[in-house]
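Raw protein_12.cif, mmCIF, C-alpha atoms:
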```
data_target
#
loop_
_atom_site.group_PDB
_atom_site.id
_atom_site.type_symbol
_atom_site.label_atom_id
_atom_site.label_comp_id
_atom_site.auth_asym_id
_atom_site.auth_seq_id
_atom_site.Cartn_x
_atom_site.Cartn_y
_atom_site.Cartn_z
ATOM 1 C CA MET A 13 69.088 -44.690 -75.580
ATOM 2 C CA SER A 14 69.972 -48.381 -75.661
ATOM 3 C CA ALA A 15 73.517 -47.979 -74.282
ATOM 4 C CA PRO A 16 73.947 -49.909 -71.005
ATOM 5 C CA HIS A 17 73.767 -47.922 -67.779
ATOM 6 C CA PRO A 18 72.895 -48.759 -64.161
ATOM 7 C CA GLU A 19 69.284 -49.337 -63.195
ATOM 8 C CA PRO A 20 67.949 -46.466 -61.058
ATOM 9 C CA GLU A 21 67.513 -47.194 -57.378
ATOM 10 C CA GLY A 22 64.153 -46.842 -55.671
ATOM 11 C CA ILE A 23 61.836 -48.328 -58.304
ATOM 12 C CA GLY A 24 60.005 -50.412 -55.717
ATOM 13 C CA PRO A 25 57.057 -52.822 -55.927
ATOM 14 C CA ASP A 26 54.486 -50.025 -55.748
ATOM 15 C CA ILE A 27 55.528 -49.045 -59.279
ATOM 16 C CA ARG A 28 53.330 -51.733 -60.775
ATOM 17 C CA ASP A 29 52.983 -50.603 -64.390
ATOM 18 C CA PRO A 30 55.636 -52.546 -66.336
ATOM 19 C CA ARG A 31 55.690 -49.898 -69.082
ATOM 20 C CA VAL A 32 56.576 -47.206 -66.555
ATOM 21 C CA ARG A 33 59.233 -49.365 -64.918
ATOM 22 C CA ARG A 34 60.781 -50.072 -68.316
ATOM 23 C CA ALA A 35 60.741 -46.415 -69.352
ATOM 24 C CA VAL A 36 62.466 -45.263 -66.156
ATOM 25 C CA VAL A 37 65.076 -48.004 -66.469
ATOM 26 C CA GLU A 38 65.764 -47.326 -70.152
ATOM 27 C CA VAL A 39 66.156 -43.538 -70.023
ATOM 28 C CA PRO A 40 69.805 -42.684 -69.197
ATOM 29 C CA ARG A 41 69.420 -40.358 -66.209
ATOM 30 C CA HIS A 42 73.105 -39.413 -66.267
ATOM 31 C CA GLU A 43 72.598 -37.681 -69.622
ATOM 32 C CA PHE A 44 70.420 -35.059 -67.910
ATOM 33 C CA ILE A 45 72.764 -34.305 -65.014
ATOM 34 C CA PRO A 46 75.787 -31.964 -64.895
ATOM 35 C CA GLU A 47 79.150 -33.721 -65.161
ATOM 36 C CA GLU A 48 80.100 -33.076 -61.529
ATOM 37 C CA SER A 49 77.083 -35.071 -60.249
ATOM 38 C CA ARG A 50 77.046 -37.938 -62.734
ATOM 39 C CA SER A 51 78.646 -40.421 -60.353
ATOM 40 C CA ASP A 52 75.420 -40.199 -58.304
ATOM 41 C CA ALA A 53 73.090 -40.294 -61.303
ATOM 42 C CA TYR A 54 71.327 -43.559 -60.417
ATOM 43 C CA GLY A 55 70.836 -43.016 -56.707
ATOM 44 C CA ASP A 56 67.274 -42.535 -55.502
ATOM 45 C CA PHE A 57 67.594 -38.883 -54.544
ATOM 46 C CA PRO A 58 67.287 -35.493 -56.276
ATOM 47 C CA LEU A 59 70.394 -33.804 -57.662
ATOM 48 C CA PRO A 60 71.155 -30.140 -58.445
ATOM 49 C CA ILE A 61 71.000 -29.078 -62.096
ATOM 50 C CA GLY A 62 71.785 -25.387 -61.609
ATOM 51 C CA PHE A 63 69.717 -22.215 -61.160
ATOM 52 C CA GLY A 64 68.421 -23.475 -57.807
ATOM 53 C CA GLN A 65 66.626 -26.418 -59.449
ATOM 54 C CA THR A 66 66.911 -30.196 -59.124
ATOM 55 C CA ILE A 67 66.275 -33.377 -61.057
ATOM 56 C CA SER A 68 63.715 -35.469 -59.173
ATOM 57 C CA GLN A 69 64.605 -38.822 -57.665
ATOM 58 C CA PRO A 70 63.802 -41.795 -59.922
ATOM 59 C CA TYR A 71 61.095 -43.139 -57.602
ATOM 60 C CA ILE A 72 59.143 -39.875 -57.683
ATOM 61 C CA VAL A 73 59.444 -39.673 -61.480
ATOM 62 C CA ALA A 74 58.115 -43.228 -61.722
ATOM 63 C CA LEU A 75 55.300 -42.570 -59.230
ATOM 64 C CA MET A 76 54.121 -39.424 -61.008
ATOM 65 C CA THR A 77 54.331 -41.087 -64.409
ATOM 66 C CA GLN A 78 52.360 -44.114 -63.233
ATOM 67 C CA ALA A 79 49.681 -41.872 -61.715
ATOM 68 C CA LEU A 80 49.077 -40.294 -65.129
ATOM 69 C CA GLU A 81 48.258 -43.725 -66.588
ATOM 70 C CA PRO A 82 49.916 -42.683 -69.878
ATOM 71 C CA GLY A 83 49.062 -44.431 -73.090
ATOM 72 C CA PRO A 84 49.458 -44.357 -76.889
ATOM 73 C CA GLY A 85 47.949 -41.310 -78.533
ATOM 74 C CA PHE A 86 48.152 -39.242 -75.351
ATOM 75 C CA ARG A 87 49.187 -35.599 -75.299
ATOM 76 C CA VAL A 88 50.809 -34.628 -72.011
ATOM 77 C CA LEU A 89 51.686 -31.196 -70.643
ATOM 78 C CA GLU A 90 54.642 -30.923 -68.292
ATOM 79 C CA VAL A 91 55.010 -27.799 -66.165
ATOM 80 C CA GLY A 92 58.669 -27.361 -65.239
ATOM 81 C CA THR A 93 60.979 -28.963 -67.803
ATOM 82 C CA GLY A 94 64.029 -28.736 -65.559
ATOM 83 C CA SER A 95 66.614 -31.189 -66.846
ATOM 84 C CA GLY A 96 64.255 -32.810 -69.364
ATOM 85 C CA TYR A 97 64.421 -36.201 -67.619
ATOM 86 C CA GLN A 98 60.716 -36.467 -66.750
ATOM 87 C CA ALA A 99 59.819 -35.459 -70.318
ATOM 88 C CA ALA A 100 62.175 -38.138 -71.684
ATOM 89 C CA VAL A 101 60.460 -40.825 -69.581
ATOM 90 C CA LEU A 102 57.009 -39.679 -70.678
ATOM 91 C CA ALA A 103 58.100 -39.533 -74.307
ATOM 92 C CA ARG A 104 58.531 -43.315 -74.299
ATOM 93 C CA LEU A 105 54.900 -43.791 -73.259
ATOM 94 C CA VAL A 106 52.804 -41.135 -75.019
ATOM 95 C CA ASP A 107 52.359 -39.570 -78.429
ATOM 96 C CA HIS A 108 53.732 -36.121 -77.562
ATOM 97 C CA VAL A 109 54.957 -34.172 -74.553
ATOM 98 C CA TYR A 110 54.621 -30.385 -74.391
ATOM 99 C CA THR A 111 56.845 -29.016 -71.656
ATOM 100 C CA VAL A 112 57.159 -25.455 -70.331
ATOM 101 C CA GLU A 113 60.154 -24.056 -68.435
ATOM 102 C CA ILE A 114 60.426 -20.531 -67.027
ATOM 103 C CA ILE A 115 64.248 -20.513 -66.822
ATOM 104 C CA PRO A 116 65.530 -20.010 -70.386
ATOM 105 C CA GLU A 117 68.919 -21.607 -69.782
ATOM 106 C CA LEU A 118 67.348 -24.814 -68.474
ATOM 107 C CA ALA A 119 64.804 -24.946 -71.293
ATOM 108 C CA LEU A 120 67.475 -24.592 -73.963
ATOM 109 C CA ARG A 121 69.761 -27.141 -72.329
ATOM 110 C CA ALA A 122 66.963 -29.678 -71.918
ATOM 111 C CA GLU A 123 65.862 -29.180 -75.509
ATOM 112 C CA ALA A 124 69.420 -29.748 -76.747
ATOM 113 C CA ASP A 125 69.830 -32.879 -74.602
ATOM 114 C CA LEU A 126 66.522 -34.342 -75.766
ATOM 115 C CA HIS A 127 67.444 -33.761 -79.406
ATOM 116 C CA ARG A 128 70.932 -35.184 -78.853
ATOM 117 C CA LEU A 129 69.364 -38.373 -77.519
ATOM 118 C CA GLY A 130 67.034 -38.645 -80.506
ATOM 119 C CA ILE A 131 63.853 -37.854 -78.570
ATOM 120 C CA VAL A 132 61.735 -36.082 -81.163
ATOM 121 C CA ASN A 133 58.246 -36.182 -79.618
ATOM 122 C CA VAL A 134 58.918 -33.490 -76.992
ATOM 123 C CA SER A 135 58.298 -29.784 -77.604
ATOM 124 C CA VAL A 136 59.939 -27.315 -75.207
ATOM 125 C CA ARG A 137 58.640 -23.809 -74.580
ATOM 126 C CA ILE A 138 60.188 -21.010 -72.534
ATOM 127 C CA GLY A 139 57.433 -19.437 -70.458
ATOM 128 C CA ASP A 140 55.353 -19.384 -67.298
ATOM 129 C CA GLY A 141 53.921 -22.852 -66.746
ATOM 130 C CA ALA A 142 51.090 -21.466 -64.632
ATOM 131 C CA ARG A 143 49.473 -20.517 -67.940
ATOM 132 C CA GLY A 144 49.900 -24.003 -69.362
ATOM 133 C CA TRP A 145 50.223 -24.285 -73.136
ATOM 134 C CA PRO A 146 46.704 -23.618 -74.428
ATOM 135 C CA GLU A 147 47.518 -23.995 -78.123
ATOM 136 C CA HIS A 148 47.816 -27.783 -77.772
ATOM 137 C CA ALA A 149 45.071 -28.385 -75.196
ATOM 138 C CA PRO A 150 43.223 -30.429 -74.154
ATOM 139 C CA TYR A 151 45.762 -32.755 -72.566
ATOM 140 C CA ASN A 152 45.183 -36.331 -71.472
ATOM 141 C CA GLY A 153 47.617 -35.705 -68.643
ATOM 142 C CA ILE A 154 49.356 -32.800 -66.933
ATOM 143 C CA VAL A 155 52.363 -33.333 -64.676
ATOM 144 C CA VAL A 156 53.818 -30.526 -62.563
ATOM 145 C CA THR A 157 57.403 -30.856 -61.340
ATOM 146 C CA CYS A 158 57.466 -27.932 -58.901
ATOM 147 C CA ALA A 159 55.359 -27.220 -55.824
ATOM 148 C CA ALA A 160 52.419 -24.877 -56.375
ATOM 149 C CA PRO A 161 50.891 -23.078 -53.371
ATOM 150 C CA VAL A 162 47.657 -22.791 -55.355
ATOM 151 C CA LEU A 163 46.560 -24.539 -58.548
ATOM 152 C CA PRO A 164 46.043 -22.235 -61.539
ATOM 153 C CA ARG A 165 42.687 -22.479 -63.277
ATOM 154 C CA ALA A 166 44.483 -22.877 -66.617
ATOM 155 C CA TRP A 167 45.572 -26.404 -65.729
ATOM 156 C CA PHE A 168 42.023 -27.561 -65.067
ATOM 157 C CA ASP A 169 40.728 -25.794 -68.178
ATOM 158 C CA GLN A 170 43.370 -27.490 -70.349
ATOM 159 C CA LEU A 171 42.750 -30.985 -68.983
ATOM 160 C CA ALA A 172 40.699 -33.295 -71.221
ATOM 161 C CA ASP A 173 37.625 -35.101 -69.962
ATOM 162 C CA GLY A 174 38.965 -38.202 -68.246
ATOM 163 C CA GLY A 175 42.400 -36.603 -67.971
ATOM 164 C CA ARG A 176 44.679 -36.655 -64.945
ATOM 165 C CA LEU A 177 46.672 -33.889 -63.256
ATOM 166 C CA VAL A 178 49.572 -34.877 -60.985
ATOM 167 C CA VAL A 179 50.921 -31.991 -58.932
ATOM 168 C CA PRO A 180 52.833 -31.273 -55.702
ATOM 169 C CA VAL A 181 50.842 -28.758 -53.658
ATOM 170 C CA GLY A 182 52.180 -26.514 -50.915
ATOM 171 C CA ALA A 183 54.582 -23.694 -50.178
ATOM 172 C CA ALA A 184 58.351 -24.215 -50.069
ATOM 173 C CA CYS A 185 58.522 -24.035 -46.262
ATOM 174 C CA ASP A 186 55.401 -26.166 -45.626
ATOM 175 C CA PRO A 187 54.681 -29.892 -45.909
ATOM 176 C CA GLN A 188 53.765 -30.645 -49.511
ATOM 177 C CA ARG A 189 51.233 -33.133 -50.861
ATOM 178 C CA LEU A 190 51.518 -34.941 -54.168
ATOM 179 C CA GLU A 191 47.953 -34.895 -55.472
ATOM 180 C CA LEU A 192 46.177 -36.652 -58.316
ATOM 181 C CA TRP A 193 43.214 -34.844 -59.859
ATOM 182 C CA ARG A 194 40.884 -36.661 -62.273
ATOM 183 C CA ARG A 195 38.445 -34.810 -64.525
ATOM 184 C CA THR A 196 35.002 -36.201 -65.313
ATOM 185 C CA GLY A 197 33.005 -33.653 -67.268
ATOM 186 C CA ASP A 198 33.075 -30.511 -65.126
ATOM 187 C CA THR A 199 33.855 -32.436 -61.936
ATOM 188 C CA PHE A 200 37.367 -32.847 -60.512
ATOM 189 C CA GLN A 201 38.165 -35.531 -57.958
ATOM 190 C CA ARG A 202 41.314 -35.321 -55.832
ATOM 191 C CA ARG A 203 43.420 -38.055 -54.222
ATOM 192 C CA LEU A 204 46.553 -37.861 -52.089
ATOM 193 C CA LEU A 205 49.462 -39.870 -53.503
ATOM 194 C CA ALA A 206 52.345 -39.052 -51.158
ATOM 195 C CA HIS A 207 54.016 -36.423 -49.005
ATOM 196 C CA VAL A 208 56.880 -34.850 -50.952
ATOM 197 C CA ARG A 209 59.398 -32.035 -51.122
ATOM 198 C CA PHE A 210 59.761 -30.116 -54.395
ATOM 199 C CA VAL A 211 61.378 -26.837 -55.342
ATOM 200 C CA PRO A 212 58.767 -24.039 -55.378
ATOM 201 C CA MET A 213 57.041 -22.885 -58.504
ATOM 202 C CA THR A 214 57.942 -19.411 -59.742
ATOM 203 C CA GLY A 215 56.062 -17.068 -62.044
ATOM 204 C CA ARG A 216 52.370 -16.313 -61.778
ATOM 205 C CA VAL A 217 50.969 -18.874 -59.374
ATOM 206 C CA SER A 218 47.684 -17.246 -58.378
ATOM 207 C CA ALA A 219 44.536 -19.259 -59.006
#
```
I need this file expressed as C-alpha cells, please.
Amino acid sequence: MSAPHPEPEGIGPDIRDPRVRRAVVEVPRHEFIPEESRSDAYGDFPLPIGFGQTISQPYIVALMTQALEPGPGFRVLEVGTGSGYQAAVLARLVDHVYTVEIIPELALRAEADLHRLGIVNVSVRIGDGARGWPEHAPYNGIVVTCAAPVLPRAWFDQLADGGRLVVPVGAACDPQRLELWRRTGDTFQRRLLAHVRFVPMTGRVSA
C-alpha cells in the first residue's frame, strides 16, 4: 500500500490523531471503488459500490476511526463491510478487525481486495451485523457503517469494558445522528458526534 496516490480531501483540522490521519492518507481508496468511479476516488464524498451501497467519504471514515481511539492490541468489530475501505484503515491501527456484511457479493469482493492488498489482519463474515460476531467478543471498539433505527442489544453485550461504539442512528428518511457510546462496567454513556446521512441497515434491526 505504499504506491503513491492522491491525498483524500476533507481530512480537516478536527482529525487531530496523527495515526488516524496517516492511516486514511496511506490506504489507497481507489482500490476499493469500481473502475467507473475511480477518477473521483479522493474527493470528500461517498461513491456507489453497487447493490445500493456506498463507500463513505474520507472525512467520515477518519472521524469514526478517531472516535474509536484505536490502539495496538485492539480487536474491533465492523458492522457493514461494504467496500472494505473502513476495515483497511482500521487494520493499520489495531490488532485485528472482524467485519460482517449481509450482502454476499460485497463481502466476497471486499475480502478479495483486502487480501490482494496484503491486509491480513481483517476477517470477513457474511451475515447479519445486528447479531455482531459473538465468537470474538468482547471488542475494544465497534464501528457501524450503516444507519440503525434502533441499536441491537448484541452490540452493547459484545463491547468490552472501556470500549467504544460509533454508530449512525436513525431511519433512512429521517435526520441521522452519529453517536459515540462508551462502556464503563454496566453503564453506557452517549455523545453526539455529528449529523450524517448513511444508507440504512438491513437484516434484523430490532433491539
Could you give me, as a tab-separated table, every region 130-178 of chain A residue with an atom at most 12 Å from region 53-72 of chain A, plus its closest atom pair and distance in Å to one decimal, counting all atoms listed in the file, rows ordered by chain then number?
```
residue	atom	partner	partner_atom	distance
A:Val155	CA	A:Ile72	CA	11.7
A:Val156	CA	A:Ser68	CA	11.6
A:Thr157	CA	A:Ser68	CA	8.1
A:Cys158	CA	A:Gln65	CA	9.3
A:Ala159	CA	A:Gln65	CA	11.9
A:Val178	CA	A:Ile72	CA	11.3
```
query = Using all atoms listed in the file, which residues sit within 8 Å of Leu102 (chain A) once same-chain residues fewer than 4 positions away are excluded, as a list in words?
reply = Ala35, Thr77, Pro82, Gln98, Val106 and Val109 of chain A
Selected residues written out, C-alpha atoms, as a PDB file, in the frame of the given file:
```
ATOM      1  CA  ALA A  35      60.741 -46.415 -69.352  1.00  0.00           C
ATOM      2  CA  THR A  77      54.331 -41.087 -64.409  1.00  0.00           C
ATOM      3  CA  PRO A  82      49.916 -42.683 -69.878  1.00  0.00           C
ATOM      4  CA  GLN A  98      60.716 -36.467 -66.750  1.00  0.00           C
ATOM      5  CA  VAL A 106      52.804 -41.135 -75.019  1.00  0.00           C
ATOM      6  CA  VAL A 109      54.957 -34.172 -74.553  1.00  0.00           C
TER       7      VAL A 109
END
```
Hits of the PyMOL selection byres ((chain A and resi 100) around 9) in this structure, as a list in words = Ala35, Val39, Gly96, Tyr97, Gln98, Ala99, Val101, Leu102, Ala103, Arg104, Val109, Leu126, Ile131 and Val134 of chain A
inquiry  = Please expand the PyMOL selection byres ((chain A and resi 123) around 10) into the concrete residues it hits in this file, giving the result as a ChimeraX atom specification.
reply    = /A:93,95-96,111,117-122,124-128,131-132,134-137
ask   = For Val162 (chain A), which residue among A:Gly175, A:Pro212, A:Gly94, A:Pro40 is the nearest when counting only C-alpha atoms?
value =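 That would be A:Pro212, the residue with the smallest distance to Val162 (chain A).
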Write out, as a Markdown table, each residue of region 77-154 of chain A that has an atom at most 12 Å from region 19-28 of chain A, together with the closest pair of atoms and their distance in Å to one decimal, counting only C-alpha atoms, rows going by chain and rising number.
```
| residue | atom | partner | partner_atom | distance |
| --- | --- | --- | --- | --- |
| A:Thr77 | CA | A:Ile27 | CA | 9.5 |
| A:Gln78 | CA | A:Ile27 | CA | 7.1 |
| A:Ala79 | CA | A:Ile27 | CA | 9.6 |
| A:Glu81 | CA | A:Arg28 | CA | 11.1 |
```
